[in-house]
>>> print(open('final_7.pdb').read())   # PDB, C-alpha atoms
ATOM      1  CA  MET A  22      10.849  -3.253  -0.954  1.00  0.00           C
ATOM      2  CA  SER A  23      11.681  -5.303   2.004  1.00  0.00           C
ATOM      3  CA  SER A  24      10.743  -4.933   5.612  1.00  0.00           C
ATOM      4  CA  SER A  25      14.085  -3.144   6.038  1.00  0.00           C
ATOM      5  CA  SER A  26      12.316   0.037   4.919  1.00  0.00           C
ATOM      6  CA  SER A  27      11.923   2.552   7.742  1.00  0.00           C
ATOM      7  CA  TYR A  28       8.267   3.046   6.808  1.00  0.00           C
ATOM      8  CA  ARG A  29       5.841   1.728   9.409  1.00  0.00           C
ATOM      9  CA  PRO A  30       2.126   2.208   8.781  1.00  0.00           C
ATOM     10  CA  THR A  31       0.025   4.172  11.229  1.00  0.00           C
ATOM     11  CA  PRO A  32      -2.870   2.407  12.970  1.00  0.00           C
ATOM     12  CA  LEU A  33      -5.240   4.141  10.527  1.00  0.00           C
ATOM     13  CA  GLU A  34      -3.213   3.005   7.505  1.00  0.00           C
ATOM     14  CA  ARG A  35      -3.236  -0.556   8.876  1.00  0.00           C
ATOM     15  CA  ALA A  36      -6.996  -0.392   9.449  1.00  0.00           C
ATOM     16  CA  TYR A  37      -7.637   0.956   5.944  1.00  0.00           C
ATOM     17  CA  ALA A  38      -5.455  -1.742   4.395  1.00  0.00           C
ATOM     18  CA  SER A  39      -7.331  -4.393   6.394  1.00  0.00           C
ATOM     19  CA  HIS A  40     -10.641  -2.937   5.180  1.00  0.00           C
ATOM     20  CA  LEU A  41      -9.483  -2.990   1.547  1.00  0.00           C
ATOM     21  CA  LEU A  42      -8.082  -6.513   1.834  1.00  0.00           C
ATOM     22  CA  ALA A  43     -11.360  -7.771   3.325  1.00  0.00           C
ATOM     23  CA  ALA A  44     -13.735  -5.803   1.091  1.00  0.00           C
ATOM     24  CA  HIS A  45     -11.949  -6.096  -2.253  1.00  0.00           C
ATOM     25  CA  PHE A  46      -9.448  -8.960  -2.105  1.00  0.00           C
ATOM     26  CA  ALA A  47     -11.205 -11.713  -0.140  1.00  0.00           C
ATOM     27  CA  THR A  48      -8.662 -11.541   2.679  1.00  0.00           C
ATOM     28  CA  PRO A  49     -10.757 -11.531   5.840  1.00  0.00           C
ATOM     29  CA  PHE A  50      -9.494  -9.639   8.858  1.00  0.00           C
ATOM     30  CA  ASP A  51      -8.408 -11.961  11.644  1.00  0.00           C
ATOM     31  CA  PRO A  52      -9.522 -10.408  14.959  1.00  0.00           C
ATOM     32  CA  ASN A  53      -6.747 -12.436  16.580  1.00  0.00           C
ATOM     33  CA  TYR A  54      -4.186 -10.596  14.425  1.00  0.00           C
ATOM     34  CA  THR A  55      -2.479  -8.994  17.370  1.00  0.00           C
ATOM     35  CA  SER A  56       1.175  -9.657  16.685  1.00  0.00           C
ATOM     36  CA  GLY A  57       1.616  -6.718  14.340  1.00  0.00           C
ATOM     37  CA  ASP A  58       3.502  -9.014  11.962  1.00  0.00           C
ATOM     38  CA  ASP A  59       3.750  -6.973   8.782  1.00  0.00           C
ATOM     39  CA  ASP A  60       5.068 -10.060   6.999  1.00  0.00           C
ATOM     40  CA  GLU A  61       1.868 -11.993   7.631  1.00  0.00           C
ATOM     41  CA  SER A  62       1.087 -14.040   4.530  1.00  0.00           C
ATOM     42  CA  ILE A  63      -1.674 -12.795   2.269  1.00  0.00           C
ATOM     43  CA  ARG A  64      -2.383 -13.194  -1.433  1.00  0.00           C
ATOM     44  CA  VAL A  65      -3.282 -10.294  -3.732  1.00  0.00           C
ATOM     45  CA  PRO A  66      -2.679 -11.270  -7.371  1.00  0.00           C
ATOM     46  CA  GLY A  67      -1.877  -8.372  -9.667  1.00  0.00           C
ATOM     47  CA  ARG A  68      -4.596  -9.350 -12.136  1.00  0.00           C
ATOM     48  CA  ASN A  69      -7.177  -9.010  -9.342  1.00  0.00           C
ATOM     49  CA  ALA A  70      -5.693  -5.750  -8.055  1.00  0.00           C
ATOM     50  CA  VAL A  71      -5.541  -3.881 -11.388  1.00  0.00           C
ATOM     51  CA  PRO A  72      -9.278  -3.054 -11.687  1.00  0.00           C
ATOM     52  CA  PHE A  73      -9.297  -1.731  -8.134  1.00  0.00           C
ATOM     53  CA  LEU A  74      -5.997   0.158  -8.257  1.00  0.00           C
ATOM     54  CA  THR A  75      -6.827   1.855 -11.538  1.00  0.00           C
ATOM     55  CA  SER A  76      -9.770   3.501  -9.761  1.00  0.00           C
ATOM     56  CA  ALA A  77      -7.294   5.715  -7.851  1.00  0.00           C
ATOM     57  CA  PRO A  78      -8.058   9.245  -9.068  1.00  0.00           C
ATOM     58  CA  GLY A  79      -5.067  11.111 -10.427  1.00  0.00           C
ATOM     59  CA  VAL A  80      -2.729   8.127 -10.640  1.00  0.00           C
ATOM     60  CA  GLU A  81      -1.902   6.953 -14.137  1.00  0.00           C
ATOM     61  CA  ARG A  82      -1.782   3.268 -14.941  1.00  0.00           C
ATOM     62  CA  SER A  83       1.907   3.502 -15.895  1.00  0.00           C
ATOM     63  CA  LEU A  84       2.710   4.956 -12.458  1.00  0.00           C
ATOM     64  CA  LEU A  85       0.623   2.258 -10.746  1.00  0.00           C
ATOM     65  CA  ARG A  86       2.645  -0.359 -12.617  1.00  0.00           C
ATOM     66  CA  LEU A  87       5.858   1.226 -11.338  1.00  0.00           C
ATOM     67  CA  LEU A  88       4.520   1.457  -7.771  1.00  0.00           C
ATOM     68  CA  TRP A  89       3.590  -2.233  -7.918  1.00  0.00           C
ATOM     69  CA  SER A  90       7.107  -3.070  -9.105  1.00  0.00           C
ATOM     70  CA  ALA A  91       8.542  -1.107  -6.180  1.00  0.00           C
ATOM     71  CA  VAL A  92       6.678  -3.231  -3.633  1.00  0.00           C
ATOM     72  CA  ASP A  93       7.054  -6.498  -5.594  1.00  0.00           C
ATOM     73  CA  PRO A  94      10.817  -6.400  -6.264  1.00  0.00           C
ATOM     74  CA  ASP A  95      10.989 -10.100  -7.131  1.00  0.00           C
ATOM     75  CA  ALA A  96       8.330  -9.578  -9.825  1.00  0.00           C
ATOM     76  CA  VAL A  97       6.175 -12.356  -8.420  1.00  0.00           C
ATOM     77  CA  GLY A  98       3.058 -10.563  -9.678  1.00  0.00           C
ATOM     78  CA  THR A  99       1.303 -11.201  -6.376  1.00  0.00           C
ATOM     79  CA  LEU A 100       1.594  -9.319  -3.118  1.00  0.00           C
ATOM     80  CA  THR A 101       2.260 -11.925  -0.462  1.00  0.00           C
ATOM     81  CA  GLN A 102       2.837  -9.857   2.690  1.00  0.00           C
ATOM     82  CA  ARG A 103       0.813  -7.186   4.451  1.00  0.00           C
ATOM     83  CA  SER A 104       3.852  -4.898   4.435  1.00  0.00           C
ATOM     84  CA  GLN A 105       3.711  -4.830   0.628  1.00  0.00           C
ATOM     85  CA  VAL A 106       0.080  -3.685   0.722  1.00  0.00           C
ATOM     86  CA  TYR A 107       0.893  -0.999   3.291  1.00  0.00           C
ATOM     87  CA  MET A 108       3.735   0.336   1.146  1.00  0.00           C
ATOM     88  CA  LEU A 109       1.681   0.243  -2.052  1.00  0.00           C
ATOM     89  CA  LEU A 110      -1.161   2.178  -0.437  1.00  0.00           C
ATOM     90  CA  ARG A 111       1.309   4.695   1.000  1.00  0.00           C
ATOM     91  CA  LEU A 112       2.882   5.242  -2.438  1.00  0.00           C
ATOM     92  CA  VAL A 113      -0.556   5.666  -4.059  1.00  0.00           C
ATOM     93  CA  ALA A 114      -1.463   8.196  -1.349  1.00  0.00           C
ATOM     94  CA  MET A 115       1.788  10.072  -1.956  1.00  0.00           C
ATOM     95  CA  ALA A 116       1.096  10.097  -5.700  1.00  0.00           C
ATOM     96  CA  GLN A 117      -2.403  11.490  -5.123  1.00  0.00           C
ATOM     97  CA  ALA A 118      -0.946  14.169  -2.831  1.00  0.00           C
ATOM     98  CA  HIS A 119       1.687  15.051  -5.482  1.00  0.00           C
ATOM     99  CA  MET A 120       4.458  14.078  -3.065  1.00  0.00           C
ATOM    100  CA  LEU A 121       6.402  11.813  -5.410  1.00  0.00           C
ATOM    101  CA  PRO A 122       9.447  13.233  -7.179  1.00  0.00           C
ATOM    102  CA  PRO A 123       9.354  13.658 -10.950  1.00  0.00           C
ATOM    103  CA  LEU A 124      10.052  10.382 -12.740  1.00  0.00           C
ATOM    104  CA  HIS A 125      11.479  11.581 -16.036  1.00  0.00           C
ATOM    105  CA  PRO A 126      10.969   9.375 -19.102  1.00  0.00           C
ATOM    106  CA  ALA A 127      14.743   9.424 -19.705  1.00  0.00           C
ATOM    107  CA  MET A 128      15.297   7.628 -16.388  1.00  0.00           C
ATOM    108  CA  GLY A 129      15.617   3.868 -16.481  1.00  0.00           C
ATOM    109  CA  ASP A 130      13.089   1.752 -14.594  1.00  0.00           C
ATOM    110  CA  GLU A 131      15.708   0.737 -12.013  1.00  0.00           C
ATOM    111  CA  ASP A 132      16.515   4.394 -11.314  1.00  0.00           C
ATOM    112  CA  LYS A 133      12.805   5.179 -10.963  1.00  0.00           C
ATOM    113  CA  LEU A 134      12.319   2.273  -8.540  1.00  0.00           C
ATOM    114  CA  ASN A 135      15.291   3.355  -6.458  1.00  0.00           C
ATOM    115  CA  LEU A 136      13.970   6.914  -6.337  1.00  0.00           C
ATOM    116  CA  LEU A 137      10.540   5.680  -5.202  1.00  0.00           C
ATOM    117  CA  LYS A 138      12.101   3.530  -2.477  1.00  0.00           C
ATOM    118  CA  GLU A 139      14.246   6.436  -1.312  1.00  0.00           C
ATOM    119  CA  THR A 140      11.213   8.741  -1.286  1.00  0.00           C
ATOM    120  CA  LEU A 141       9.251   6.274   0.833  1.00  0.00           C
ATOM    121  CA  ARG A 142      12.172   5.940   3.259  1.00  0.00           C
ATOM    122  CA  ASN A 143      12.746   9.703   3.498  1.00  0.00           C
ATOM    123  CA  ASN A 144       9.061  10.426   4.115  1.00  0.00           C
ATOM    124  CA  ALA A 145       8.341   7.486   6.398  1.00  0.00           C
ATOM    125  CA  ARG A 146       7.293   9.671   9.315  1.00  0.00           C
ATOM    126  CA  LEU A 147       5.356  12.204   7.275  1.00  0.00           C
ATOM    127  CA  VAL A 148       1.588  12.293   7.783  1.00  0.00           C
ATOM    128  CA  VAL A 149      -0.152  11.547   4.482  1.00  0.00           C
ATOM    129  CA  ALA A 150      -3.888  11.336   3.830  1.00  0.00           C
ATOM    130  CA  LEU A 151      -5.216   7.888   3.000  1.00  0.00           C
ATOM    131  CA  PRO A 152      -5.421   7.089  -0.708  1.00  0.00           C
ATOM    132  CA  THR A 153      -8.820   7.204  -2.350  1.00  0.00           C
ATOM    133  CA  PHE A 154     -10.305   4.726  -4.808  1.00  0.00           C
ATOM    134  CA  THR A 155     -13.585   5.240  -6.636  1.00  0.00           C
ATOM    135  CA  ALA A 156     -14.086   1.464  -6.484  1.00  0.00           C
ATOM    136  CA  ASP A 157     -14.231   1.649  -2.671  1.00  0.00           C
ATOM    137  CA  VAL A 158     -17.776   3.002  -2.560  1.00  0.00           C
ATOM    138  CA  ASN A 159     -18.461   1.892   1.017  1.00  0.00           C
ATOM    139  CA  CYS A 160     -15.363   3.169   2.777  1.00  0.00           C
ATOM    140  CA  PRO A 161     -16.096   3.343   6.498  1.00  0.00           C
ATOM    141  CA  SER A 162     -15.421   6.408   8.635  1.00  0.00           C
ATOM    142  CA  VAL A 163     -12.130   6.762  10.477  1.00  0.00           C
ATOM    143  CA  ALA A 164     -13.830   5.837  13.768  1.00  0.00           C
ATOM    144  CA  ARG A 165     -15.386   2.734  12.232  1.00  0.00           C
ATOM    145  CA  LEU A 166     -12.093   1.695  10.620  1.00  0.00           C
ATOM    146  CA  LEU A 167     -10.199   1.991  13.895  1.00  0.00           C
ATOM    147  CA  GLY A 168     -12.993   0.301  15.832  1.00  0.00           C
ATOM    148  CA  THR A 169     -13.354  -2.589  13.379  1.00  0.00           C
ATOM    149  CA  TYR A 170      -9.656  -3.118  12.714  1.00  0.00           C
ATOM    150  CA  PRO A 171      -7.863  -2.339  15.980  1.00  0.00           C
ATOM    151  CA  ALA A 172      -4.121  -1.794  15.983  1.00  0.00           C
ATOM    152  CA  PRO A 173      -2.120  -4.916  16.755  1.00  0.00           C
ATOM    153  CA  LYS A 174      -0.563  -5.226  20.183  1.00  0.00           C
ATOM    154  CA  ARG A 175       3.212  -4.930  20.106  1.00  0.00           C
TER
END
>>> encode(input="final_7.pdb", output="structure tokens")
Amino acid sequence: MSSSSSYRPTPLERAYASHLLAAHFATPFDPNYTSGDDDESIRVPGRNAVPFLTSAPGVERSLLRLLWSAVDPDAVGTLTQRSQVYMLLRLVAMAQAHMLPPLHPAMGDEDKLNLLKETLRNNARLVVALPTFTADVNCPSVARLLGTYPAPKR
């Protein structure tokens, strides 16, 4: 998925992603990150993300693999932009909330990916609860997230 998607994370989604990147993927939050550049370079290798992502209750590993493919269309195996993390977390949250359309086994992977991308686009403005991960045992409160990781200035 490229930045051409109409999905833009909320300040809370941005803060939660920043928390997860700092706490679980050794990507410290830059307090000077005020540009709101969703294409800011980061590095989250898939092999490091799998143990964390598989702790998402109610989301099967096969679906996680498909969600990863949706946000890593070039199959690099590493998320390299914040926007990819935002979209992945949004898709996981939608899966946990049972908001994803059925992905029938008869569908090809390309059709499934296109359906996921369309679903993200069509629900871009919908309020969705943050995803949960059992591996994130010290998730801060909403107030602490927003206070620690303020929204970038546009």
>>> closest_residue(input="final_7.pdb", among="A:Ser39, A:Thr153, A:Asn159, A:Asn144", to="Glu61 in chain A", atoms="all atoms listed in the file")
A:Ser39
>>> closest_residue(input="final_7.pdb", among="A:Val106, A:Ala77, A:Cys160, A:Leu121", to="Glu139 in chain A", atoms="all atoms listed in the file")
A:Leu121
>>> residues_near_point(input="final_7.pdb", point="(-2.4, 2.7, -1.2)", cutoff="10 Å", atoms="all atoms listed in the file", output="PDB file with C-alpha atoms, in the coordinates of the input")
ATOM      1  CA  GLU A  34      -3.213   3.005   7.505  1.00  0.00           C
ATOM      2  CA  TYR A  37      -7.637   0.956   5.944  1.00  0.00           C
ATOM      3  CA  ALA A  38      -5.455  -1.742   4.395  1.00  0.00           C
ATOM      4  CA  LEU A  41      -9.483  -2.990   1.547  1.00  0.00           C
ATOM      5  CA  LEU A  74      -5.997   0.158  -8.257  1.00  0.00           C
ATOM      6  CA  ALA A  77      -7.294   5.715  -7.851  1.00  0.00           C
ATOM      7  CA  LEU A  88       4.520   1.457  -7.771  1.00  0.00           C
ATOM      8  CA  GLN A 105       3.711  -4.830   0.628  1.00  0.00           C
ATOM      9  CA  VAL A 106       0.080  -3.685   0.722  1.00  0.00           C
ATOM     10  CA  TYR A 107       0.893  -0.999   3.291  1.00  0.00           C
ATOM     11  CA  MET A 108       3.735   0.336   1.146  1.00  0.00           C
ATOM     12  CA  LEU A 109       1.681   0.243  -2.052  1.00  0.00           C
ATOM     13  CA  LEU A 110      -1.161   2.178  -0.437  1.00  0.00           C
ATOM     14  CA  ARG A 111       1.309   4.695   1.000  1.00  0.00           C
ATOM     15  CA  LEU A 112       2.882   5.242  -2.438  1.00  0.00           C
ATOM     16  CA  VAL A 113      -0.556   5.666  -4.059  1.00  0.00           C
ATOM     17  CA  ALA A 114      -1.463   8.196  -1.349  1.00  0.00           C
ATOM     18  CA  MET A 115       1.788  10.072  -1.956  1.00  0.00           C
ATOM     19  CA  ALA A 116       1.096  10.097  -5.700  1.00  0.00           C
ATOM     20  CA  GLN A 117      -2.403  11.490  -5.123  1.00  0.00           C
ATOM     21  CA  LEU A 151      -5.216   7.888   3.000  1.00  0.00           C
ATOM     22  CA  PRO A 152      -5.421   7.089  -0.708  1.00  0.00           C
ATOM     23  CA  THR A 153      -8.820   7.204  -2.350  1.00  0.00           C
ATOM     24  CA  PHE A 154     -10.305   4.726  -4.808  1.00  0.00           C
TER      25      PHE A 154
END
>>> atom_distance(input="final_7.pdb", atom1="CA of Pro78 in chain A", atom2="CA of Ser62 in chain A")
28.5 Å
>>> closest_residue(input="final_7.pdb", among="A:Val163, A:Leu85, A:Val92, A:Val71", to="Arg35 in chain A", atoms="all atoms listed in the file")
A:Val163
>>> decode(input="final_7.pdb", residues="range 41-143 of chain A", atoms="C-alpha atoms", output="compact mmCIF listing (two decimals), in the first residue's frame")
# COMPACT_ATOMS: atom_id res chain seq x y z
CA LEU A 41 5.11 0.01 19.84
CA LEU A 42 8.04 1.02 17.64
CA ALA A 43 9.97 2.29 20.67
CA ALA A 44 9.03 -0.49 23.09
CA HIS A 45 9.22 -3.51 20.79
CA PHE A 46 11.23 -2.61 17.69
CA ALA A 47 14.11 -0.45 18.96
CA THR A 48 12.89 2.58 17.02
CA PRO A 49 13.08 5.43 19.52
CA PHE A 50 10.55 8.23 19.28
CA ASP A 51 12.12 11.47 18.08
CA PRO A 52 10.55 14.33 20.07
CA ASN A 53 11.51 16.58 17.15
CA TYR A 54 9.30 14.47 14.85
CA THR A 55 6.94 17.30 14.10
CA SER A 56 6.64 17.17 10.34
CA GLY A 57 4.00 14.45 10.31
CA ASP A 58 5.95 12.71 7.54
CA ASP A 59 4.33 9.30 7.34
CA ASP A 60 7.12 8.20 5.00
CA GLU A 61 9.78 8.75 7.65
CA SER A 62 12.33 5.95 7.38
CA ILE A 63 12.19 3.21 9.97
CA ARG A 64 13.22 -0.44 9.96
CA VAL A 65 10.99 -3.26 11.21
CA PRO A 66 12.19 -6.60 9.81
CA GLY A 67 9.49 -9.22 9.44
CA ARG A 68 11.48 -11.80 11.38
CA ASN A 69 11.53 -9.43 14.37
CA ALA A 70 7.86 -8.51 14.00
CA VAL A 71 6.44 -12.06 13.82
CA PRO A 72 6.73 -12.93 17.55
CA PHE A 73 5.04 -9.66 18.47
CA LEU A 74 2.34 -9.70 15.79
CA THR A 75 1.36 -13.28 16.50
CA SER A 76 0.39 -12.15 20.01
CA ALA A 77 -2.64 -10.34 18.53
CA PRO A 78 -5.64 -12.19 19.98
CA GLY A 79 -8.09 -13.47 17.39
CA VAL A 80 -5.87 -12.92 14.36
CA GLU A 81 -4.55 -16.06 12.72
CA ARG A 82 -0.98 -16.25 11.52
CA SER A 83 -2.11 -16.78 7.92
CA LEU A 84 -4.14 -13.55 8.07
CA LEU A 85 -1.20 -11.69 9.63
CA ARG A 86 0.96 -12.86 6.73
CA LEU A 87 -1.60 -11.48 4.28
CA LEU A 88 -1.89 -8.18 6.18
CA TRP A 89 1.90 -7.85 6.09
CA SER A 90 1.87 -8.46 2.33
CA ALA A 91 -0.76 -5.74 1.93
CA VAL A 92 1.47 -3.12 3.56
CA ASP A 93 4.72 -4.47 2.05
CA PRO A 94 3.66 -4.70 -1.62
CA ASP A 95 7.24 -4.94 -2.88
CA ALA A 96 7.81 -7.98 -0.63
CA VAL A 97 10.89 -6.41 0.93
CA GLY A 98 10.20 -8.30 4.16
CA THR A 99 10.90 -5.17 6.19
CA LEU A 100 8.62 -2.24 6.91
CA THR A 101 10.59 0.86 6.02
CA GLN A 102 8.08 3.68 6.50
CA ARG A 103 5.88 4.74 9.40
CA SER A 104 2.86 4.72 7.09
CA GLN A 105 3.30 0.96 6.64
CA VAL A 106 3.21 0.44 10.42
CA TYR A 107 0.11 2.62 10.74
CA MET A 108 -1.69 0.64 8.04
CA LEU A 109 -0.64 -2.72 9.47
CA LEU A 110 -1.89 -1.78 12.93
CA ARG A 111 -5.15 -0.49 11.46
CA LEU A 112 -5.69 -3.76 9.56
CA VAL A 113 -4.94 -5.82 12.69
CA ALA A 114 -7.43 -3.68 14.63
CA MET A 115 -10.04 -4.19 11.93
CA ALA A 116 -9.42 -7.95 12.00
CA GLN A 117 -9.84 -8.02 15.79
CA ALA A 118 -13.08 -6.03 15.45
CA HIS A 119 -14.33 -8.46 12.75
CA MET A 120 -14.47 -5.61 10.24
CA LEU A 121 -12.57 -7.31 7.43
CA PRO A 122 -14.55 -8.91 4.62
CA PRO A 123 -14.47 -12.69 4.23
CA LEU A 124 -11.32 -13.83 2.43
CA HIS A 125 -12.46 -17.09 0.86
CA PRO A 126 -9.84 -19.80 0.30
CA ALA A 127 -10.87 -19.95 -3.38
CA MET A 128 -9.72 -16.34 -3.85
CA GLY A 129 -6.21 -15.79 -5.15
CA ASP A 130 -3.72 -13.90 -2.99
CA GLU A 131 -3.80 -10.90 -5.34
CA ASP A 132 -7.59 -10.71 -5.05
CA LYS A 133 -7.35 -10.93 -1.26
CA LEU A 134 -4.74 -8.15 -1.16
CA ASN A 135 -6.86 -5.93 -3.39
CA LEU A 136 -9.89 -6.54 -1.19
CA LEU A 137 -7.90 -5.63 1.94
CA LYS A 138 -6.62 -2.43 0.32
CA GLU A 139 -10.13 -1.50 -0.79
CA THR A 140 -11.49 -2.21 2.70
CA LEU A 141 -8.85 0.03 4.27
CA ARG A 142 -9.64 2.81 1.78
CA ASN A 143 -13.41 2.51 2.24
